[in-house]
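Undergrad: My structure is in my_file-v9.txt, and what it holds is compact mmCIF, C-alpha atoms:
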```
# COMPACT_ATOMS: atom_id res chain seq x y z
CA MET A 1 27.51 7.35 -9.75
CA THR A 2 30.37 4.96 -9.16
CA GLU A 3 29.83 1.26 -8.49
CA ARG A 4 31.01 1.73 -4.91
CA GLU A 5 28.50 4.56 -4.36
CA PHE A 6 25.70 2.52 -5.90
CA GLU A 7 26.52 -0.51 -3.75
CA ARG A 8 26.51 1.68 -0.65
CA LEU A 9 23.07 3.06 -1.56
CA VAL A 10 21.66 -0.40 -2.30
CA GLU A 11 22.97 -1.81 0.98
CA PHE A 12 21.58 1.15 2.93
CA LEU A 13 18.07 0.82 1.49
CA GLU A 14 17.90 -2.95 1.79
CA SER A 15 19.16 -3.05 5.38
CA ARG A 16 16.62 -0.45 6.54
CA TYR A 17 13.61 -0.98 4.31
CA GLY A 18 14.03 -4.31 2.54
CA ILE A 19 14.08 -2.53 -0.83
CA ASN A 20 16.50 -4.22 -3.23
CA LEU A 21 17.49 -1.98 -6.14
CA ALA A 22 20.65 -3.87 -7.09
CA SER A 23 19.51 -4.40 -10.69
CA LYS A 24 18.12 -0.88 -11.17
CA LYS A 25 21.17 1.39 -11.26
CA ALA A 26 20.00 3.30 -14.35
CA ILE A 27 16.59 4.00 -12.78
CA VAL A 28 18.13 5.06 -9.46
CA GLN A 29 20.61 7.40 -11.09
CA GLY A 30 18.00 8.79 -13.46
CA ARG A 31 15.75 9.73 -10.55
CA LEU A 32 18.47 11.15 -8.29
CA ASP A 33 20.77 13.05 -10.68
CA ASN A 34 18.52 16.10 -10.95
CA TYR A 35 17.92 16.18 -7.19
CA LEU A 36 21.66 16.21 -6.47
CA ALA A 37 22.24 18.97 -9.02
CA ARG A 38 19.39 21.13 -7.69
CA ASN A 39 20.57 20.81 -4.11
CA GLY A 40 24.28 21.44 -4.64
CA PHE A 41 25.72 17.98 -4.03
CA SER A 42 29.00 17.47 -5.92
CA SER A 43 28.99 13.67 -5.66
CA TYR A 44 26.87 10.74 -4.54
CA GLU A 45 29.30 10.14 -1.71
CA GLU A 46 28.60 13.64 -0.37
CA TYR A 47 24.87 13.06 -0.78
CA LEU A 48 24.88 9.68 0.99
CA ASN A 49 26.88 11.18 3.85
CA ALA A 50 24.25 13.91 4.16
CA VAL A 51 21.43 11.34 4.20
CA GLU A 52 23.08 9.30 6.96
CA ARG A 53 24.03 12.31 9.09
CA ASP A 54 20.77 14.25 8.83
CA ARG A 55 19.13 13.72 12.23
CA THR A 56 15.92 15.39 11.08
CA GLY A 57 15.35 12.58 8.57
CA HIS A 58 14.45 15.14 5.90
CA GLU A 59 17.04 14.00 3.35
CA LEU A 60 16.19 10.35 3.93
CA GLN A 61 12.48 10.98 3.41
CA ASN A 62 13.22 12.88 0.20
CA MET A 63 15.24 9.90 -1.04
CA LEU A 64 12.40 7.48 -0.28
CA ASN A 65 9.86 9.74 -1.98
CA ILE A 66 12.04 9.88 -5.11
CA LEU A 67 12.99 6.20 -5.34
CA THR A 68 9.87 4.33 -4.28
CA THR A 69 7.54 3.68 -7.19
CA ASN A 70 3.96 4.75 -6.54
CA HIS A 71 2.16 3.86 -9.77
CA THR A 72 -1.41 2.88 -9.03
CA TYR A 73 -4.97 3.56 -10.10
CA PHE A 74 -8.58 2.91 -9.09
CA TRP A 75 -9.94 -0.61 -9.67
CA ARG A 76 -6.45 -1.96 -10.41
CA GLU A 77 -6.46 -5.78 -10.77
CA PRO A 78 -10.27 -5.86 -10.41
CA ASP A 79 -10.50 -9.60 -9.75
CA HIS A 80 -9.24 -8.90 -6.22
CA PHE A 81 -12.04 -6.45 -5.48
CA ILE A 82 -14.63 -8.83 -6.91
CA PHE A 83 -13.24 -11.61 -4.70
CA LEU A 84 -13.40 -9.23 -1.72
CA ARG A 85 -17.06 -8.52 -2.47
CA ASP A 86 -18.16 -12.08 -3.30
CA VAL A 87 -16.10 -14.19 -0.89
CA ILE A 88 -14.22 -12.29 1.80
CA LEU A 89 -16.88 -9.83 2.97
CA PRO A 90 -19.64 -12.48 3.30
CA TRP A 91 -17.22 -14.52 5.45
CA ILE A 92 -16.38 -11.50 7.63
CA ILE A 93 -20.05 -10.56 8.08
CA LYS A 94 -20.89 -14.06 9.22
CA LYS A 95 -17.85 -14.28 11.51
CA GLU A 96 -18.31 -10.85 13.08
CA GLN A 97 -22.10 -10.69 13.29
CA HIS A 98 -21.87 -9.76 16.97
CA SER A 99 -18.86 -7.42 16.98
CA HIS A 100 -19.73 -5.70 13.66
CA ASP A 101 -16.00 -5.14 13.12
CA ILE A 102 -14.30 -5.34 9.71
CA ARG A 103 -10.49 -5.18 9.81
CA ILE A 104 -8.73 -4.67 6.47
CA TRP A 105 -5.20 -3.37 5.89
CA SER A 106 -3.86 -1.90 2.65
CA GLY A 107 -0.13 -2.25 3.29
CA ALA A 108 1.20 -0.37 0.25
CA SER A 109 -1.49 2.25 -0.17
CA SER A 110 0.52 4.70 -2.31
CA SER A 111 -1.60 7.69 -3.38
CA GLY A 112 -4.81 6.18 -2.04
CA GLU A 113 -6.54 4.59 -5.01
CA GLU A 114 -6.37 1.06 -3.58
CA PRO A 115 -7.74 1.76 -0.07
CA TYR A 116 -10.45 4.06 -1.39
CA THR A 117 -11.51 1.34 -3.86
CA ILE A 118 -11.65 -1.17 -0.99
CA ALA A 119 -13.71 1.29 1.05
CA MET A 120 -16.17 1.73 -1.82
CA VAL A 121 -16.55 -2.04 -2.21
CA VAL A 122 -17.24 -2.38 1.52
CA LYS A 123 -19.70 0.52 1.49
CA GLU A 124 -21.67 -0.89 -1.43
CA PHE A 125 -21.67 -4.40 0.05
CA LEU A 126 -23.00 -3.25 3.43
CA GLY A 127 -25.63 -0.98 1.88
CA LEU A 128 -28.13 0.26 4.47
CA ASN A 129 -26.09 -1.46 7.21
CA TYR A 130 -22.97 0.59 6.41
CA ASN A 131 -23.19 2.88 9.45
CA GLY A 132 -23.83 -0.06 11.75
CA TRP A 133 -20.40 -1.57 11.13
CA ASN A 134 -16.92 -0.42 12.12
CA SER A 135 -15.39 -0.65 8.66
CA GLN A 136 -12.52 1.85 8.94
CA LEU A 137 -9.54 0.36 7.13
CA LEU A 138 -5.84 0.96 7.72
CA ALA A 139 -3.77 2.26 4.80
CA THR A 140 0.02 2.53 5.15
CA ASP A 141 2.95 3.46 2.95
CA LEU A 142 6.64 4.26 3.31
CA SER A 143 6.41 7.56 1.42
CA SER A 144 5.16 10.60 3.32
CA GLU A 145 4.62 12.45 0.04
CA VAL A 146 2.05 10.03 -1.38
CA LEU A 147 0.30 9.74 1.98
CA GLN A 148 -0.28 13.51 2.03
CA TYR A 149 -1.74 13.23 -1.46
CA ALA A 150 -3.92 10.28 -0.45
CA MET A 151 -5.33 11.99 2.64
CA LYS A 152 -6.55 14.92 0.54
CA GLY A 153 -8.30 12.45 -1.77
CA VAL A 154 -8.23 14.76 -4.81
CA TYR A 155 -7.97 13.06 -8.21
CA LEU A 156 -8.19 14.06 -11.84
CA LYS A 157 -11.49 13.37 -13.57
CA GLU A 158 -9.94 10.78 -15.90
CA LYS A 159 -8.62 8.79 -12.92
CA ILE A 160 -12.09 8.19 -11.47
CA GLU A 161 -13.76 7.47 -14.80
CA VAL A 162 -12.80 3.77 -14.51
CA LEU A 163 -15.27 3.50 -11.62
CA PRO A 164 -19.00 2.82 -12.09
CA PRO A 165 -20.95 6.09 -12.58
CA THR A 166 -23.00 5.35 -9.46
CA TRP A 167 -19.78 5.11 -7.41
CA GLN A 168 -18.51 8.38 -8.87
CA ARG A 169 -21.69 10.19 -7.88
CA ALA A 170 -21.93 8.61 -4.43
CA ASN A 171 -18.31 8.94 -3.37
CA PHE A 172 -16.79 11.99 -5.12
CA LYS A 173 -17.44 15.71 -5.04
CA ARG A 174 -16.66 17.81 -8.13
CA LEU A 175 -14.18 20.55 -7.29
CA ASP A 176 -13.75 22.03 -10.76
CA GLU A 177 -13.64 21.00 -14.40
CA PHE A 178 -10.68 18.66 -13.87
CA ASN A 179 -10.61 17.59 -10.19
CA TYR A 180 -12.80 15.51 -7.93
CA GLN A 181 -12.43 14.81 -4.20
CA VAL A 182 -13.41 11.75 -2.19
CA LYS A 183 -16.35 12.72 -0.01
CA PRO A 184 -15.66 13.16 3.74
CA GLU A 185 -17.89 10.24 4.76
CA LEU A 186 -15.66 7.86 2.78
CA ARG A 187 -12.35 9.58 3.63
CA LYS A 188 -13.04 9.21 7.34
CA ASN A 189 -13.24 5.44 6.86
CA VAL A 190 -9.64 5.21 5.65
CA MET A 191 -6.90 5.80 8.23
CA PHE A 192 -3.59 6.67 6.54
CA ARG A 193 -0.32 6.12 8.40
CA GLN A 194 3.36 6.07 7.45
CA PHE A 195 4.85 2.65 8.13
CA ASN A 196 8.00 0.69 7.28
CA LEU A 197 7.13 -2.96 6.59
CA MET A 198 10.55 -3.96 7.94
CA ASN A 199 9.58 -2.75 11.44
CA ASP A 200 7.85 -4.89 14.03
CA PHE A 201 4.09 -4.98 13.52
CA PRO A 202 2.43 -3.10 16.42
CA PHE A 203 -1.16 -4.20 15.76
CA LYS A 204 -3.30 -5.19 18.73
CA ASN A 205 -6.06 -6.77 16.68
CA LYS A 206 -5.66 -9.19 13.79
CA PHE A 207 -6.88 -8.46 10.28
CA HIS A 208 -9.52 -10.27 8.26
CA CYS A 209 -7.82 -9.29 5.01
CA ILE A 210 -4.45 -7.78 4.06
CA PHE A 211 -3.70 -6.29 0.64
CA LEU A 212 0.03 -6.06 -0.10
CA ARG A 213 0.12 -5.76 -3.85
CA ASN A 214 3.03 -4.99 -6.16
CA VAL A 215 5.54 -4.14 -3.45
CA MET A 216 7.39 -7.39 -2.75
CA ILE A 217 8.89 -7.30 -6.26
CA TYR A 218 11.51 -5.00 -4.70
CA PHE A 219 12.40 -7.45 -1.90
CA SER A 220 14.90 -10.31 -1.79
CA GLU A 221 13.54 -13.83 -1.23
CA ASP A 222 14.74 -13.82 2.39
CA THR A 223 13.09 -10.47 3.08
CA LYS A 224 9.85 -11.67 1.45
CA ARG A 225 9.78 -14.79 3.62
CA GLU A 226 10.32 -12.74 6.78
CA LEU A 227 7.59 -10.28 5.78
CA VAL A 228 5.07 -12.98 4.87
CA ASN A 229 5.73 -14.63 8.23
CA LYS A 230 4.85 -11.37 9.97
CA ILE A 231 1.74 -11.07 7.79
CA TYR A 232 0.71 -14.59 8.82
CA ASN A 233 0.98 -13.65 12.50
CA VAL A 234 -1.36 -10.65 12.19
CA LEU A 235 -4.04 -12.42 10.14
CA GLU A 236 -7.17 -13.79 11.75
CA PRO A 237 -7.55 -17.57 11.37
CA GLY A 238 -9.26 -17.87 8.01
CA GLY A 239 -8.04 -14.40 7.00
CA TYR A 240 -6.99 -13.60 3.45
CA PHE A 241 -3.68 -12.27 2.07
CA ILE A 242 -3.73 -10.66 -1.39
CA ILE A 243 -0.63 -9.86 -3.46
CA GLY A 244 -0.16 -8.53 -7.00
CA ASN A 245 -1.09 -10.72 -9.95
CA THR A 246 2.52 -10.81 -11.14
CA GLU A 247 3.95 -11.68 -7.72
CA ASN A 248 4.49 -14.97 -5.93
CA ILE A 249 5.42 -16.24 -2.47
CA ASP A 250 6.87 -19.47 -1.11
CA LYS A 251 3.57 -21.16 -0.31
CA GLU A 252 5.08 -24.01 1.69
CA ALA A 253 7.20 -21.75 3.88
CA SER A 254 4.41 -19.25 4.42
CA GLY A 255 1.97 -21.60 6.13
CA LEU A 256 -0.81 -20.04 4.06
CA ASP A 257 -3.23 -22.03 1.95
CA PHE A 258 -3.32 -21.30 -1.78
CA VAL A 259 -6.78 -20.08 -2.82
CA ARG A 260 -6.06 -18.93 -6.36
CA PRO A 261 -3.18 -17.05 -8.04
CA SER A 262 -2.27 -14.02 -5.85
CA ILE A 263 -4.80 -14.91 -3.10
CA PHE A 264 -3.90 -16.92 0.02
CA ARG A 265 -5.67 -17.82 3.24
CA LYS A 266 -4.54 -18.54 6.78
CA PRO A 267 -5.82 -21.94 7.94
CA MET A 268 -8.83 -21.83 10.27
```
Please, can you express the file's structure as structure tokens?
TA:
Amino acid sequence: MTEREFERLVEFLESRYGINLASKKAIVQGRLDNYLARNGFSSYEEYLNAVERDRTGHELQNMLNILTTNHTYFWREPDHFIFLRDVILPWIIKKEQHSHDIRIWSGASSSGEEPYTIAMVVKEFLGLNYNGWNSQLLATDLSSEVLQYAMKGVYLKEKIEVLPPTWQRANFKRLDEFNYQVKPELRKNVMFRQFNLMNDFPFKNKFHCIFLRNVMIYFSEDTKRELVNKIYNVLEPGGYFIIGNTENIDKEASGLDFVRPSIFRKPM
């Protein structure tokens, strides 16, 4: 991959999706080299031309599936789920005691571990009142490949072993010696959709809580500010915004109040 080809790829991805891979040439080339060889492309220039000219979007989606990192696991950064249980959900229940509506968005849902963990926290918190609340959460990602995986809800046994045994029994069905599937009653409470965070937000109702963890590390500072501004606009007054523990945002520019590292709140 020449420098000119790499710059073209970086500019293409950042302009469309906000993803900045300018410092990751070795990773990009390492992930794409085999794909180009398998599919008969003689150069990156030929490949990029094919991506831009393919009206079906198939080549573009393949590129996104290959280049976007989707490393995640159940109960990742557990302090966020504990805060959801101990602080955010009690606030929502009090606020929405008449509507019985809980609106949570997992904005980088990847292969589903994060939204399913959120759903399990909500289910346990509501207890016997679970069916009396509209607690379906929205889970979006850029990659169609991981969304298909997430919707099936099938995970290796070792992936769910980080969860409490009671959660494993209540929320997963054993398929065979190695695989378990999220039970239908929990799967139906997570709505998976493909979504580009750079697009306009089409949401009619505002969210009580938005998880957007470990994705803005790929964005430039300008793109992050624009995205956080859109997040602010779709949060309920008093709503919470949660990012990854290693991430940060411009607190002053965001208009959000700092609650604790990685957790912010829209003023009431």
Undergrad: Step by step: start from the point (15.9, -1.5, 5.6) in the file's coordinates, keep every protein, DNA or RNA residue that has an atom no farther than 12 Å from it, count all atoms listed in the file, and write the set as an NGL selection string.
TA: :A and (9-21 or 60 or 64 or 142 or 196-199 or 218-220 or 223)
Undergrad: Which residue, A:Asn233, A:Gln97, A:Asn214, A:Asn65, has the smallest gap to A:Asn245 when you use all atoms listed in the file?
TA: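 Between A:Asn233, A:Gln97, A:Asn214, A:Asn65, the residue approaching A:Asn245 most closely is A:Asn214.
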Undergrad: Within 12 Å of A:Lys123, counting all atoms listed in the file, which residues show up once you throw out same-chain ones fewer than 5 positions away? Write them as a ChimeraX atom specification, please.
TA: /A:85,89,102,116-118,128-137,167,170-171,185-187,189-190
Undergrad: Got time to write the residues from that selection, C-alpha atoms, as a short mmCIF file (atom, residue, chain, number, x, y, z; two decimals), keeping the file's coordinate frame?
TA:
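Result file is out-v7.cif:
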```
data_model
loop_
_atom_site.label_atom_id
_atom_site.label_comp_id
_atom_site.auth_asym_id
_atom_site.auth_seq_id
_atom_site.Cartn_x
_atom_site.Cartn_y
_atom_site.Cartn_z
CA ARG A 85 -17.06 -8.52 -2.47
CA LEU A 89 -16.88 -9.83 2.97
CA ILE A 102 -14.30 -5.34 9.71
CA TYR A 116 -10.45 4.06 -1.39
CA THR A 117 -11.51 1.34 -3.86
CA ILE A 118 -11.65 -1.17 -0.99
CA LEU A 128 -28.13 0.26 4.47
CA ASN A 129 -26.09 -1.46 7.21
CA TYR A 130 -22.97 0.59 6.41
CA ASN A 131 -23.19 2.88 9.45
CA GLY A 132 -23.83 -0.06 11.75
CA TRP A 133 -20.40 -1.57 11.13
CA ASN A 134 -16.92 -0.42 12.12
CA SER A 135 -15.39 -0.65 8.66
CA GLN A 136 -12.52 1.85 8.94
CA LEU A 137 -9.54 0.36 7.13
CA TRP A 167 -19.78 5.11 -7.41
CA ALA A 170 -21.93 8.61 -4.43
CA ASN A 171 -18.31 8.94 -3.37
CA GLU A 185 -17.89 10.24 4.76
CA LEU A 186 -15.66 7.86 2.78
CA ARG A 187 -12.35 9.58 3.63
CA ASN A 189 -13.24 5.44 6.86
CA VAL A 190 -9.64 5.21 5.65
#
```
Undergrad: Quick one: everything within 10 Å of A:Asp250, counting only C-alpha atoms, minus sequence neighbours fewer than 2 positions away in the same chain. Send it as a list in words.
TA: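 Contacts, with the query itself left out: Glu221, Lys224, Arg225, Val228, Asn248, Glu252, Ala253, Ser254, Gly255 and Leu256 of chain A.
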Undergrad: Which one is closest to A:Glu145: A:Phe74, A:Pro115, A:Lys204, A:Gln61? Count all atoms listed in the file.
TA: A:Gln61
Undergrad: With only C-alpha atoms as the atoms that count, which of A:Thr166, A:Thr56, A:Gln181, A:Asn229 lies nearest to A:Glu113?
TA: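 Looking at the shortest contact to A:Glu113, the residue is A:Gln181.
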Undergrad: Rank A:Ile92, A:Leu175, A:Val122, A:Leu163 by their smallest atom-to-atom distance to A:Pro237, using only C-alpha atoms, and report the top residue only.
TA: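 Once distances to A:Pro237 are computed over only C-alpha atoms, the minimum belongs to A:Ile92.
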Undergrad: Quick one, how far is atom CA of A:Val234 from atom CA of A:Arg103?
TA: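 Atom-to-atom, atom CA of A:Val234 to atom CA of A:Arg103, that is 10.9 Å.
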Undergrad: Just give me the gap between atom CA of A:Phe241 and atom CA of A:Gly112 in Å, one decimal is fine.
TA: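 Between these atoms lies a distance of 18.9 Å.
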Undergrad: Smallest atom-to-atom distance to A:Arg31: which of A:Ile66, A:Ser43, A:Tyr240, A:Met1, using all atoms listed in the file?
TA: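 Result for the nearest residue to A:Arg31: A:Ile66.
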Undergrad: Have a look at atom CA of A:Gly57 and atom CA of A:Lys25 and let me know their distance in Å, one decimal.
TA: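 Interatomic distance, atom CA of A:Gly57 to atom CA of A:Lys25: 23.5 Å.
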